[in-house]
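Written below as structure tokens is the structure these notes are about.
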Amino acid sequence: MLKLLKIDEDSRIPKYKQIVDSILYNIGNGNLKINEKIPSINSFSEEFYMSRDTVEKAYNILKERKIISSIRGKGYYITRTKLVAKVNILFLLNKLSAYKMKTYNSFINTVGANAHTDLHIYHCDESLFLNLLDKFEGAYDYYVITTHFKSKDLQHISFTDDVNKAIKKIPKEKLVIMDNIKLGMDGEIIKIYQDFENDIYNALIEGLPKIQTYKKLILVYPEKAVYPYPRRILHGFRKFCVENKINFEILDEVYDDMIIKKGDLFITIEESDLVNLVKQIRDEEYVLGKDIGIISYNDTPLKELLGITVISTDFNKMGATAASMILNNEKGEVKIPFNFIDR
């Protein structure tokens, strides 16, 4: 294996960096494979007549990037072969939903072939999130993170003290906070975000003429969802209704055999509530869009296909913007548009 490694004595590139680059090059072209053993620090040092400290520095860099690992008494092994792309990215999503995948797919398409992106889902679970950050500490060039967590009673939390501490360990130049930026972090980092309270308020203002044709506006906000939603949605909804003198009600779910009256306009957040509501409207033989109205929160391809009116963030733009800022080495905050889409 030592024959594969090239060290140029006349180069101005530091020897430790030449070692790192040479090992990465051989991984990239397939000469070194996962679980393959590499020379010990002493063997490497003796073969190339360089100090043990130089080799150890190179191996420590590779260990930090999770490219190699050491097993006591056995030596060093290749542990990762996918992280040799020009830009290596960890993408942490709080849940796997149609609209979250819109963001991810848009990100992947924009960042292109010169990057390798690993996707992990932490299911709004603080422990899983912290374990993932600890496991992959120092292994990536960028960390794209959404911050949505749940308390023991299934309430939405933007972050905890432990989450904040863990994220602050990531160098700011490597950090991309996406979707929810209620972390209180300042400095030159990338932030791509929604403004949940003002987003729903402004989107409903867009749709006010249509909303006013109905007698009552009903928000179905799940109080104890598996993946809870920010309560700022409630604040923005109430503000809109009070300021515009809209008769409103807030429910925590669409109940079976719920009383539905002509002139009701529902805003649903959960997909299951949307399906249940449409079924009941059909069973009652109401005309959707005339007798009963529905506005769904967060657009998906299926809602577009079915012609469901939505209020939604532009999830494609969210992913594409984050990718573009990484590629162009830009920093700063970008508010993603949130619109009333009348169908």
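Scheme for the structure tokens: letters A, B, ... for chains in order shown; per-chain residue numbers from 1; ligand numbers from 1 in order shown.
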
Query - Those in stretch 280-327 of chain A with helix (DSSP H, G or I) from DSSP, as a count of residues only - result: 23

Using only C-alpha atoms, what table do you get, as a tab-separated table, when you list each residue of stretch 49-146 of chain A with an atom no more than 9 Å from stretch 223-235 of chain A, its nearest pair of atoms, and their distance in Å rounded to one decimal, rows by chain then rising number?
```
residue	atom	partner	partner_atom	distance
A:Asn94	CA	A:Tyr227	CA	8.2
A:Lys95	CA	A:Tyr227	CA	7.4
A:His123	CA	A:Tyr227	CA	7.2
A:Cys124	CA	A:Tyr227	CA	6.5
```

Grab the residues selected above and save them as a PDB file, in the first residue's frame with C-alpha atoms.
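File written: result11.pdb
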```
ATOM      1  CA  ASN A  94     -36.446  16.948  11.626  1.00  0.00           C
ATOM      2  CA  LYS A  95     -38.873  14.768   9.642  1.00  0.00           C
ATOM      3  CA  HIS A 123     -37.583  12.924  14.109  1.00  0.00           C
ATOM      4  CA  CYS A 124     -37.689  16.049  16.328  1.00  0.00           C
TER       5      CYS A 124
END
```

Query raised in the report: Between A:His148, A:Lys17, A:Lys216, A:Arg282, which is the closest to A:Ala58 once you count only C-alpha atoms?
Result: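 Ranked by minimum distance to A:Ala58, first place goes to A:Lys17.
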
Query - Neighbour list for A:Lys168 as JSON, numbers by chain, cut-off 12 Å, only C-alpha atoms, skip fewer than 5 positions in-chain - result: {"A": [133, 137, 143, 161, 162, 163, 173, 174, 175, 176, 177, 183, 184, 185, 186, 187, 189]}

**Report entry** Distance query A:Leu217 at most 9 Å, only C-alpha atoms, self and fewer than 5 positions along chain excluded, as a VMD selection string
**Finding:** chain A and resid 211 241 246 to 250 263 to 267

Give me a file of those residues, with all heavy atoms, as an mmCIF file, in the first residue's frame.
```
data_model
loop_
_atom_site.group_PDB
_atom_site.id
_atom_site.type_symbol
_atom_site.label_atom_id
_atom_site.label_comp_id
_atom_site.auth_asym_id
_atom_site.auth_seq_id
_atom_site.Cartn_x
_atom_site.Cartn_y
_atom_site.Cartn_z
ATOM 1 N N ILE A 211 -61.404 34.733 1.672
ATOM 2 C CA ILE A 211 -61.739 34.293 3.024
ATOM 3 C C ILE A 211 -63.035 34.951 3.501
ATOM 4 O O ILE A 211 -63.873 34.325 4.173
ATOM 5 C CB ILE A 211 -60.568 34.601 3.993
ATOM 6 C CG1 ILE A 211 -59.370 33.705 3.664
ATOM 7 C CG2 ILE A 211 -60.982 34.424 5.451
ATOM 8 C CD1 ILE A 211 -58.082 34.084 4.361
ATOM 9 N N CYS A 241 -57.241 37.145 12.364
ATOM 10 C CA CYS A 241 -58.686 37.076 12.593
ATOM 11 C C CYS A 241 -59.193 38.266 13.403
ATOM 12 O O CYS A 241 -60.228 38.857 13.083
ATOM 13 C CB CYS A 241 -59.046 35.772 13.294
ATOM 14 S SG CYS A 241 -58.785 34.305 12.284
ATOM 15 N N ILE A 246 -62.701 38.563 11.763
ATOM 16 C CA ILE A 246 -63.106 37.285 11.190
ATOM 17 C C ILE A 246 -63.598 36.372 12.312
ATOM 18 O O ILE A 246 -62.914 36.197 13.322
ATOM 19 C CB ILE A 246 -61.927 36.602 10.455
ATOM 20 C CG1 ILE A 246 -61.354 37.510 9.359
ATOM 21 C CG2 ILE A 246 -62.343 35.242 9.900
ATOM 22 C CD1 ILE A 246 -62.251 37.712 8.182
ATOM 23 N N ASN A 247 -64.779 35.787 12.156
ATOM 24 C CA ASN A 247 -65.280 34.798 13.105
ATOM 25 C C ASN A 247 -64.413 33.544 12.975
ATOM 26 O O ASN A 247 -64.288 32.971 11.895
ATOM 27 C CB ASN A 247 -66.744 34.469 12.774
ATOM 28 C CG ASN A 247 -67.360 33.506 13.773
ATOM 29 O OD1 ASN A 247 -66.879 33.378 14.906
ATOM 30 N ND2 ASN A 247 -68.405 32.806 13.351
ATOM 31 N N PHE A 248 -63.792 33.115 14.081
ATOM 32 C CA PHE A 248 -62.844 32.001 13.961
ATOM 33 C C PHE A 248 -62.959 31.019 15.122
ATOM 34 O O PHE A 248 -63.537 31.311 16.169
ATOM 35 C CB PHE A 248 -61.409 32.522 13.872
ATOM 36 C CG PHE A 248 -60.849 33.049 15.174
ATOM 37 C CD1 PHE A 248 -60.078 32.229 15.999
ATOM 38 C CD2 PHE A 248 -61.064 34.366 15.564
ATOM 39 C CE1 PHE A 248 -59.554 32.709 17.189
ATOM 40 C CE2 PHE A 248 -60.534 34.858 16.749
ATOM 41 C CZ PHE A 248 -59.773 34.032 17.567
ATOM 42 N N GLU A 249 -62.377 29.859 14.899
ATOM 43 C CA GLU A 249 -62.309 28.807 15.917
ATOM 44 C C GLU A 249 -61.027 28.027 15.684
ATOM 45 O O GLU A 249 -60.540 27.919 14.552
ATOM 46 C CB GLU A 249 -63.523 27.881 15.819
ATOM 47 C CG GLU A 249 -63.582 26.822 16.926
ATOM 48 C CD GLU A 249 -64.849 25.972 16.867
ATOM 49 O OE1 GLU A 249 -65.701 26.239 15.989
ATOM 50 O OE2 GLU A 249 -64.979 25.049 17.680
ATOM 51 N N ILE A 250 -60.461 27.479 16.764
ATOM 52 C CA ILE A 250 -59.257 26.651 16.665
ATOM 53 C C ILE A 250 -59.572 25.263 17.215
ATOM 54 O O ILE A 250 -60.019 25.119 18.358
ATOM 55 C CB ILE A 250 -58.078 27.277 17.431
ATOM 56 C CG1 ILE A 250 -57.714 28.644 16.835
ATOM 57 C CG2 ILE A 250 -56.856 26.347 17.402
ATOM 58 C CD1 ILE A 250 -56.683 29.420 17.636
ATOM 59 N N GLY A 263 -70.585 27.313 4.665
ATOM 60 C CA GLY A 263 -69.951 28.601 4.950
ATOM 61 C C GLY A 263 -68.707 28.478 5.814
ATOM 62 O O GLY A 263 -68.046 29.472 6.113
ATOM 63 N N ASP A 264 -68.365 27.229 6.227
ATOM 64 C CA ASP A 264 -67.130 27.005 6.987
ATOM 65 C C ASP A 264 -65.926 26.999 6.043
ATOM 66 O O ASP A 264 -65.977 26.427 4.941
ATOM 67 C CB ASP A 264 -67.176 25.658 7.714
ATOM 68 C CG ASP A 264 -68.083 25.673 8.935
ATOM 69 O OD1 ASP A 264 -68.446 26.776 9.399
ATOM 70 O OD2 ASP A 264 -68.434 24.580 9.423
ATOM 71 N N LEU A 265 -64.836 27.618 6.498
ATOM 72 C CA LEU A 265 -63.566 27.574 5.780
ATOM 73 C C LEU A 265 -62.506 27.032 6.734
ATOM 74 O O LEU A 265 -62.269 27.614 7.795
ATOM 75 C CB LEU A 265 -63.166 28.972 5.297
ATOM 76 C CG LEU A 265 -61.762 29.119 4.683
ATOM 77 C CD1 LEU A 265 -61.572 28.198 3.483
ATOM 78 C CD2 LEU A 265 -61.489 30.578 4.290
ATOM 79 N N PHE A 266 -61.897 25.894 6.377
ATOM 80 C CA PHE A 266 -60.937 25.225 7.245
ATOM 81 C C PHE A 266 -59.503 25.461 6.765
ATOM 82 O O PHE A 266 -59.226 25.463 5.557
ATOM 83 C CB PHE A 266 -61.193 23.711 7.263
ATOM 84 C CG PHE A 266 -62.456 23.303 7.962
ATOM 85 C CD1 PHE A 266 -63.659 23.266 7.273
ATOM 86 C CD2 PHE A 266 -62.444 22.936 9.305
ATOM 87 C CE1 PHE A 266 -64.835 22.883 7.905
ATOM 88 C CE2 PHE A 266 -63.610 22.545 9.946
ATOM 89 C CZ PHE A 266 -64.817 22.524 9.247
ATOM 90 N N ILE A 267 -58.609 25.642 7.738
ATOM 91 C CA ILE A 267 -57.172 25.605 7.453
ATOM 92 C C ILE A 267 -56.625 24.359 8.138
ATOM 93 O O ILE A 267 -56.705 24.232 9.358
ATOM 94 C CB ILE A 267 -56.434 26.846 7.988
ATOM 95 C CG1 ILE A 267 -56.978 28.126 7.351
ATOM 96 C CG2 ILE A 267 -54.931 26.729 7.727
ATOM 97 C CD1 ILE A 267 -56.356 29.396 7.910
#
```

Requested in this report: With a distance cut-off of 8 Å and only C-alpha atoms, select the neighbouring residues of A:Ile281, excluding the residue or stretch itself and same-chain residues fewer than 6 positions from it, and output the selection as a VMD selection string.
Outcome: chain A and resid 260 287 to 288 292

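For A:Arg65, the residues within 9 Å (counting only C-alpha atoms, excluding itself and residues fewer than 6 positions away along the chain) are Leu83, Phe136, Glu137, Gly138, Ala139 and Tyr140 of chain A.
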
Mind dumping the selected residues with N, CA and C atoms as an mmCIF file, in the first residue's frame?
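Just written: again.cif:
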```
data_model
loop_
_atom_site.group_PDB
_atom_site.id
_atom_site.type_symbol
_atom_site.label_atom_id
_atom_site.label_comp_id
_atom_site.auth_asym_id
_atom_site.auth_seq_id
_atom_site.Cartn_x
_atom_site.Cartn_y
_atom_site.Cartn_z
ATOM 1 N N LEU A 83 -16.766 10.313 1.420
ATOM 2 C CA LEU A 83 -16.527 11.694 1.816
ATOM 3 C C LEU A 83 -15.301 12.303 1.130
ATOM 4 N N PHE A 136 -20.738 12.837 14.063
ATOM 5 C CA PHE A 136 -20.160 13.392 12.841
ATOM 6 C C PHE A 136 -19.383 14.689 13.081
ATOM 7 N N GLU A 137 -18.993 14.921 14.319
ATOM 8 C CA GLU A 137 -18.243 16.142 14.626
ATOM 9 C C GLU A 137 -16.945 16.184 13.819
ATOM 10 N N GLY A 138 -16.756 17.286 13.087
ATOM 11 C CA GLY A 138 -15.535 17.486 12.335
ATOM 12 C C GLY A 138 -15.431 16.717 11.033
ATOM 13 N N ALA A 139 -16.482 15.964 10.663
ATOM 14 C CA ALA A 139 -16.389 15.098 9.490
ATOM 15 C C ALA A 139 -16.839 15.755 8.198
ATOM 16 N N TYR A 140 -17.469 16.921 8.279
ATOM 17 C CA TYR A 140 -18.066 17.531 7.088
ATOM 18 C C TYR A 140 -17.591 18.973 6.898
#
```

Requested in this report: List the neighbours of A:Phe48 out to 8 Å using only C-alpha atoms; skip same-chain residues closer than 3 positions along the sequence, and give me the result as number ranges by chain.
Outcome: A: 7, 44-45

Write the residues of the selection above to a file with N, CA and C atoms, as a PDB file, in the first residue's frame.
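Below you can see selection10.pdb, which holds the result:
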```
ATOM      1  N   ILE A   7       4.874  11.136  -2.068  1.00  0.00           N
ATOM      2  CA  ILE A   7       5.313  12.281  -1.277  1.00  0.00           C
ATOM      3  C   ILE A   7       6.444  12.965  -2.041  1.00  0.00           C
ATOM      4  N   PHE A  44       4.929   4.280   8.249  1.00  0.00           N
ATOM      5  CA  PHE A  44       4.879   5.401   7.309  1.00  0.00           C
ATOM      6  C   PHE A  44       6.094   6.306   7.520  1.00  0.00           C
ATOM      7  N   SER A  45       6.379   6.592   8.773  1.00  0.00           N
ATOM      8  CA  SER A  45       7.493   7.475   9.118  1.00  0.00           C
ATOM      9  C   SER A  45       8.821   6.910   8.623  1.00  0.00           C
TER      10      SER A  45
END
```

Query raised in the report: With only C-alpha atoms as the basis for distance, which of A:Asp179, A:Glu64, A:Ile294, A:Ile311 is at the shortest distance from A:Tyr214?
Result: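 Nearest candidate to A:Tyr214 out of A:Asp179, A:Glu64, A:Ile294, A:Ile311: A:Ile294.
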
Query raised in the report: Could you work out how far atom CA of A:Lys239 lies from atom CA of A:Tyr193, giving the answer in Å with one decimal?
Result: 21.0 Å

Report task. Identify which of the residues A:Ile145, A:Leu5, A:Val275, A:Met50 lies closest to A:Ile308, counting only C-alpha atoms when measuring atom-to-atom distances. Result ->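 For A:Ile308, the nearest of the given residues is A:Val275.
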
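You can rank A:Lys172, A:His156, A:Lys215, A:Lys74 by their closest distance to A:Tyr142 using only C-alpha atoms, and at the top of that list sits A:Lys172.
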
Requested in this report: List every residue of stretch 62-299 of chain A that DSSP, applied to the backbone of this structure, places in strand (DSSP E or B), and write the result as an MDAnalysis selection string.
Outcome: chainID A and resid 68:71 75:78 87:93 115:121 142:146 149:150 156:157 175:179 190:193 216:220 248:251 264:268 288 292:297

Query raised in the report: In Å, with one decimal, what is the gap from atom CA of A:Ile78 to atom CA of A:His116?
Result: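 That distance, rounded to one decimal, is 17.7 Å.
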